Structure formats: structure tokens, C-alpha cells
Amino acid sequence: MTRTPEGPVTRRALLRGAAAAGVAAAGGALTAAPTPALAAPGGFPTYQYVRDAFAGPLRYNPTGEFIFPCVRGVYDKLDSYLGRYYLYYAPHDAPGGICLAYADRLEGPYTEYPDNPIVDRVLPTTTVSHVSSPHVVWDAPTRQFYLYFHGENFTTRVARSTDGIRFTDETPILSTRLVPNTTETSYARVFEHSVAGRNNRYVMVFMGLHTIGPGARKIFWGWSPNGWSGWQFDPNPLVSPSGDGLTDISAPHLLKRNGTAYLAYHGNSGNMYLTEVGVNFDREVHLGVFHRPIASDDGRVAAPAFGTDGGVQYMLYEAGPRLNARIRIARAVG
């Protein structure tokens, strides 16, 4: 694979980021406090905090933290549903547990499903210390929801459901043995996206703990014809942290804009970053900070997920120190 080499942010990227910052600053002047984070590069909007995802304490919260939000509109997929939007999330540390909440507005607040966790660490094929990092897609050809999650940190699994609540047929699809020189393969998100020459309909982007420096935790990718089976994985990192001046990056989300493709992800600095990977995942152009924490984010924003409701763009994300995080909702303002 030929990829644009890592290196300093290009002049074009700096100018693009400056233009985006100007637009966001004009929009930010019309909004109320808190002050939004600095504008994202690549022409992406500024996101401003609106609310925490939950209005009160959770019934199932065994470790005092919950991470990795994934929100899906289900109103156009199911005849009967708890709310128009389903929010999937999990604690990380043992015992973990894949959880569900619901709301009629993407902006929330969300109501906890009373029978959480919907997937626990006792799986049909094995028992693991924890399950975490849920990501759900709707597969239109089979009219099923596919749930991707990890347990342990070196194995990513998939399960399926017709109602978005009861998941069955858990199957391991990714492990460190499939990606050379890794000791962890987790925090996967999956998207419908075709890459030239791969005969695929889905791609997966995930964190791999790489034993080859520089840097440690990097972003890798894979592809599948159907999202369920036939997964293949590139042995080389797609995005490395050194391009951002970091040692660790994780939890990528695929975004498309301007006729190209980007990954938004978080780094060990506490910021989110943006890198252009191109529609064929053959580029690595680091564009800098995508989103910075505000004071109440306690120094860290991570694991972004995105959605649109009523023409308004939203970002759900983790806020707070690792293993003590909560889920927050921000609205695009510029």
C-alpha cells in the first residue's frame, strides 16, 4: 500500500483549519456558555457541550464509569421500539457489560434499559473477565443489527439481533494472532464503506497495541464483504501516533467530507485528532486537533460517535479520566 508519509501538518491543512476556525468563531459568538472547543480542521464543525447523556445515576454501573458511546436511530428500522434512538455503552473494567439506553431525541437525555447488561461476560463459547466497547450497525440486507465488542482486550467479537436488544450468535472475528506484532486488538468501529480492489462492503477501524515503535497504540483496519464473516486485516498501521506528537491513539470513527475520508480519534494528550486516510485508506495526512476538552471534561475527551437529528449534527463522547469517564453530548454550532 502506498500512503502519504507521516510528517508535520501541511500548509494546505493549516489553511483549511484556519478557515474552519473562522467559520466556527462566527457561529460561537451567537451561542451561550460554555465556550465551545476550538474548531476542527477539514471543514468540520465546532461541537459545543449540551448535556450529559443521563440525567441521573444508573442502576447498572458496577465500576463507576461508562465509555464508548454508539447511538443508532431505530425508528425507521423497527415496528416497535423503546425510543427513536438507542444508545449503546459499557463500563470497561471487570465485569464490564454491554448496556442500552434510549431516547426520542438524539440529544437525550437517555433512559437506562432496566435489564442491563444486554450482553455480559458469560458468553456462549467462553467466559471472559469483561466485555466492553460496543459498536452497532444496521445491516439492511439481513435486516439485523450487528454488535461489535471486545472481550478480552485482544479479541473483538460480533453478535446479531433483530430488535437491537437481544443479541445472539456471538462470534470472534479479530484477535492479535491476525495482526502481527500486536498484543491488543480492540475498540473497533465498523462502517459501510467500499475500498477499491477489496471486494468489500464494510470496513473496521480499531486500536492495536503495536510492539514496533515509534509509538505504542495505533489505528489499524480491516474489511469484509458482509460485516459478519470473511474479515481480512492489514498488518500495517493505518494511522500512527507519532504524526500527532503522541505515543497512543485509539477509538477511531470514520467520517466522510469533501470527497475524501477521515478518522477522528483520541490521543494520550486528552484531545481528539483528525487524520485524512482517503476513500481507499491509502493516505495518512495528520490535520491536528479535532476537539479539545472544556473545563468540565476533566482534561480528556475520547471515543467520538456522531449522528444527525432534525438536520442538527451531534457528537457523543467520553469525558473524564480513563476508567472514570462519563458520556456527554455536544451539538454542532459552526
# chains A, B, ... in the order shown; residues from 1 in each chain; ligands from 1
>>> select_by_dssp(residues="segment 133-287 of chain A", states="strand (DSSP E)", output="PyMOL selection string")
chain A and resi 133-139+144-150+155-161+168-175+182-192+202-210+217-224+232-233+249-257+260-267+272-276+285-287
>>> residues_around(residues="segment 196-205 of chain A", least_positions_apart="5", cutoff="7 Å", atoms="only C-alpha atoms", output="PyMOL selection string")
chain A and resi 188-191+219-227+252+280
>>> closest_residue(among="A:Ile165, A:Ala302, A:Leu287, A:Val179", to="Ser80 of chain A", atoms="only C-alpha atoms")
A:Ile165
>>> atom_distance(atom1="atom CA of Tyr113 of chain A", atom2="atom CA of Gly151 of chain A")
21.8 Å
>>> residues_around(residues="Ser129 of chain A", least_positions_apart="3", cutoff="9 Å", atoms="only C-alpha atoms", output="ChimeraX atom specification")
/A:93-96,121-122,151-152
>>> write_last_selection(atoms="C-alpha atoms", output="PDB file, in the first residue's frame")
ATOM      1  CA  ASP A  93     -13.160  -2.829  33.885  1.00  0.00           C
ATOM      2  CA  ALA A  94     -14.375  -6.245  35.020  1.00  0.00           C
ATOM      3  CA  PRO A  95     -17.111  -7.321  34.778  1.00  0.00           C
ATOM      4  CA  GLY A  96     -17.947  -4.756  32.092  1.00  0.00           C
ATOM      5  CA  ARG A 121     -19.070 -11.548  30.257  1.00  0.00           C
ATOM      6  CA  VAL A 122     -20.527 -15.076  30.237  1.00  0.00           C
ATOM      7  CA  GLY A 151     -13.602  -9.333  25.497  1.00  0.00           C
ATOM      8  CA  GLU A 152     -10.744  -9.761  26.332  1.00  0.00           C
TER       9      GLU A 152
END
>>> closest_residue(among="A:Pro172, A:Gly64, A:Gly164, A:Pro141", to="Asp79 of chain A", atoms="only C-alpha atoms")
A:Gly164
>>> residues_around(residues="Asp52 of chain A", least_positions_apart="4", cutoff="10 Å", atoms="only C-alpha atoms", output="MDAnalysis selection string")
chainID A and resid 56 107:110 316:319 326:330
>>> write_last_selection(atoms="N, CA and C atoms", output="mmCIF file, in the first residue's frame")
data_model
loop_
_atom_site.group_PDB
_atom_site.id
_atom_site.type_symbol
_atom_site.label_atom_id
_atom_site.label_comp_id
_atom_site.auth_asym_id
_atom_site.auth_seq_id
_atom_site.Cartn_x
_atom_site.Cartn_y
_atom_site.Cartn_z
ATOM 1 N N GLY A 56 -29.557 11.202 35.569
ATOM 2 C CA GLY A 56 -29.379 10.753 36.944
ATOM 3 C C GLY A 56 -28.486 9.535 37.010
ATOM 4 N N GLU A 107 -30.360 14.087 21.105
ATOM 5 C CA GLU A 107 -29.757 14.940 22.127
ATOM 6 C C GLU A 107 -30.005 14.439 23.539
ATOM 7 N N GLY A 108 -30.935 13.511 23.702
ATOM 8 C CA GLY A 108 -31.223 12.977 25.032
ATOM 9 C C GLY A 108 -32.073 13.929 25.853
ATOM 10 N N PRO A 109 -32.114 13.708 27.204
ATOM 11 C CA PRO A 109 -31.358 12.694 27.955
ATOM 12 C C PRO A 109 -31.898 11.280 27.722
ATOM 13 N N TYR A 110 -31.053 10.284 28.021
ATOM 14 C CA TYR A 110 -31.358 8.897 27.751
ATOM 15 C C TYR A 110 -31.835 8.179 29.009
ATOM 16 N N LEU A 316 -21.444 12.406 20.403
ATOM 17 C CA LEU A 316 -21.423 11.817 21.732
ATOM 18 C C LEU A 316 -20.001 11.373 22.012
ATOM 19 N N TYR A 317 -19.553 11.517 23.246
ATOM 20 C CA TYR A 317 -18.156 11.235 23.539
ATOM 21 C C TYR A 317 -17.959 10.915 25.009
ATOM 22 N N GLU A 318 -16.817 10.303 25.298
ATOM 23 C CA GLU A 318 -16.385 10.105 26.681
ATOM 24 C C GLU A 318 -15.754 11.391 27.197
ATOM 25 N N ALA A 319 -16.007 11.701 28.453
ATOM 26 C CA ALA A 319 -15.343 12.831 29.101
ATOM 27 C C ALA A 319 -14.837 12.389 30.460
ATOM 28 N N ARG A 326 -17.518 9.513 31.806
ATOM 29 C CA ARG A 326 -18.963 9.555 31.605
ATOM 30 C C ARG A 326 -19.219 9.931 30.151
ATOM 31 N N ILE A 327 -20.452 9.807 29.709
ATOM 32 C CA ILE A 327 -20.804 10.089 28.318
ATOM 33 C C ILE A 327 -21.498 11.446 28.239
ATOM 34 N N ARG A 328 -21.053 12.271 27.315
ATOM 35 C CA ARG A 328 -21.589 13.617 27.149
ATOM 36 C C ARG A 328 -22.044 13.807 25.712
ATOM 37 N N ILE A 329 -22.872 14.830 25.511
ATOM 38 C CA ILE A 329 -23.442 15.109 24.183
ATOM 39 C C ILE A 329 -23.104 16.549 23.823
ATOM 40 N N ALA A 330 -22.613 16.732 22.593
ATOM 41 C CA ALA A 330 -22.287 18.059 22.085
ATOM 42 C C ALA A 330 -23.026 18.272 20.767
#
>>> residues_around(residues="segment 130-135 of chain A", least_positions_apart="2", cutoff="9 Å", atoms="only C-alpha atoms", output="ChimeraX atom specification")
/A:67-71,88-99,119-122,127-128,137,146-153,186-190,251
>>> write_last_selection(atoms="C-alpha atoms", output="PDB file, in the first residue's frame")
ATOM      1  CA  ILE A  67     -17.469   4.540  27.930  1.00  0.00           C
ATOM      2  CA  PHE A  68     -17.559   4.185  24.151  1.00  0.00           C
ATOM      3  CA  PRO A  69     -20.980   5.548  23.141  1.00  0.00           C
ATOM      4  CA  CYS A  70     -22.632   4.327  19.959  1.00  0.00           C
ATOM      5  CA  VAL A  71     -26.041   5.751  19.023  1.00  0.00           C
ATOM      6  CA  TYR A  88     -25.071   1.510  23.457  1.00  0.00           C
ATOM      7  CA  TYR A  89     -22.275   1.897  26.024  1.00  0.00           C
ATOM      8  CA  ALA A  90     -20.339  -0.090  28.635  1.00  0.00           C
ATOM      9  CA  PRO A  91     -18.107   0.116  31.661  1.00  0.00           C
ATOM     10  CA  HIS A  92     -14.622  -1.100  30.862  1.00  0.00           C
ATOM     11  CA  ASP A  93     -13.160  -2.829  33.885  1.00  0.00           C
ATOM     12  CA  ALA A  94     -14.375  -6.245  35.020  1.00  0.00           C
ATOM     13  CA  PRO A  95     -17.111  -7.321  34.778  1.00  0.00           C
ATOM     14  CA  GLY A  96     -17.947  -4.756  32.092  1.00  0.00           C
ATOM     15  CA  GLY A  97     -21.216  -5.422  30.276  1.00  0.00           C
ATOM     16  CA  ILE A  98     -22.785  -4.098  27.089  1.00  0.00           C
ATOM     17  CA  CYS A  99     -25.581  -1.698  28.057  1.00  0.00           C
ATOM     18  CA  VAL A 119     -24.540  -8.812  26.936  1.00  0.00           C
ATOM     19  CA  ASP A 120     -22.443  -9.888  29.901  1.00  0.00           C
ATOM     20  CA  ARG A 121     -19.070 -11.548  30.257  1.00  0.00           C
ATOM     21  CA  VAL A 122     -20.527 -15.076  30.237  1.00  0.00           C
ATOM     22  CA  THR A 127     -16.331 -16.628  29.945  1.00  0.00           C
ATOM     23  CA  VAL A 128     -14.080 -13.559  29.872  1.00  0.00           C
ATOM     24  CA  VAL A 137     -24.509  -1.243  12.755  1.00  0.00           C
ATOM     25  CA  TYR A 146     -24.623  -6.317  14.279  1.00  0.00           C
ATOM     26  CA  LEU A 147     -22.931  -5.643  17.612  1.00  0.00           C
ATOM     27  CA  TYR A 148     -19.134  -5.484  17.746  1.00  0.00           C
ATOM     28  CA  PHE A 149     -17.414  -5.561  21.145  1.00  0.00           C
ATOM     29  CA  HIS A 150     -14.244  -6.763  22.820  1.00  0.00           C
ATOM     30  CA  GLY A 151     -13.602  -9.333  25.497  1.00  0.00           C
ATOM     31  CA  GLU A 152     -10.744  -9.761  26.332  1.00  0.00           C
ATOM     32  CA  ASN A 153      -8.759  -6.773  25.070  1.00  0.00           C
ATOM     33  CA  SER A 186      -9.960  -3.717  20.470  1.00  0.00           C
ATOM     34  CA  TYR A 187     -12.137  -0.572  20.446  1.00  0.00           C
ATOM     35  CA  ALA A 188     -13.411  -1.441  16.973  1.00  0.00           C
ATOM     36  CA  ARG A 189     -15.948   0.514  14.980  1.00  0.00           C
ATOM     37  CA  VAL A 190     -17.421  -0.773  11.716  1.00  0.00           C
ATOM     38  CA  ALA A 251     -11.160   4.630  19.324  1.00  0.00           C
TER      39      ALA A 251
END
>>> atom_distance(atom1="atom CA of Gln48 of chain A", atom2="atom CA of Lys218 of chain A")
27.5 Å
>>> closest_residue(among="A:Val195, A:His266, A:Ser242, A:Pro321", to="Gly278 of chain A", atoms="only C-alpha atoms")
A:Val195
>>> closest_residue(among="A:Leu254, A:Asp244, A:Glu284, A:Trp231", to="Gly267 of chain A", atoms="only C-alpha atoms")
A:Asp244
>>> select_by_dssp(residues="segment 157-310 of chain A", states="helix (DSSP H, G or I)", output="short mmCIF file (atom, residue, chain, number, x, y, z; two decimals) with C-alpha atoms, in the first residue's frame")
data_model
loop_
_atom_site.label_atom_id
_atom_site.label_comp_id
_atom_site.auth_asym_id
_atom_site.auth_seq_id
_atom_site.Cartn_x
_atom_site.Cartn_y
_atom_site.Cartn_z
CA THR A 176 -3.92 -10.40 17.92
CA ARG A 177 -2.98 -13.55 16.04
CA LEU A 178 -4.50 -11.98 12.91
CA PRO A 241 0.54 8.46 16.90
CA SER A 242 3.91 9.98 16.00
CA GLY A 243 2.22 12.14 13.37
CA ASP A 244 0.36 13.88 16.19
CA ALA A 295 -13.14 22.62 31.86
CA SER A 296 -15.91 20.22 32.91
CA ASP A 297 -14.50 17.43 30.70
#
>>> atom_distance(atom1="atom CA of Asp139 of chain A", atom2="atom CA of Ser250 of chain A")
24.9 Å
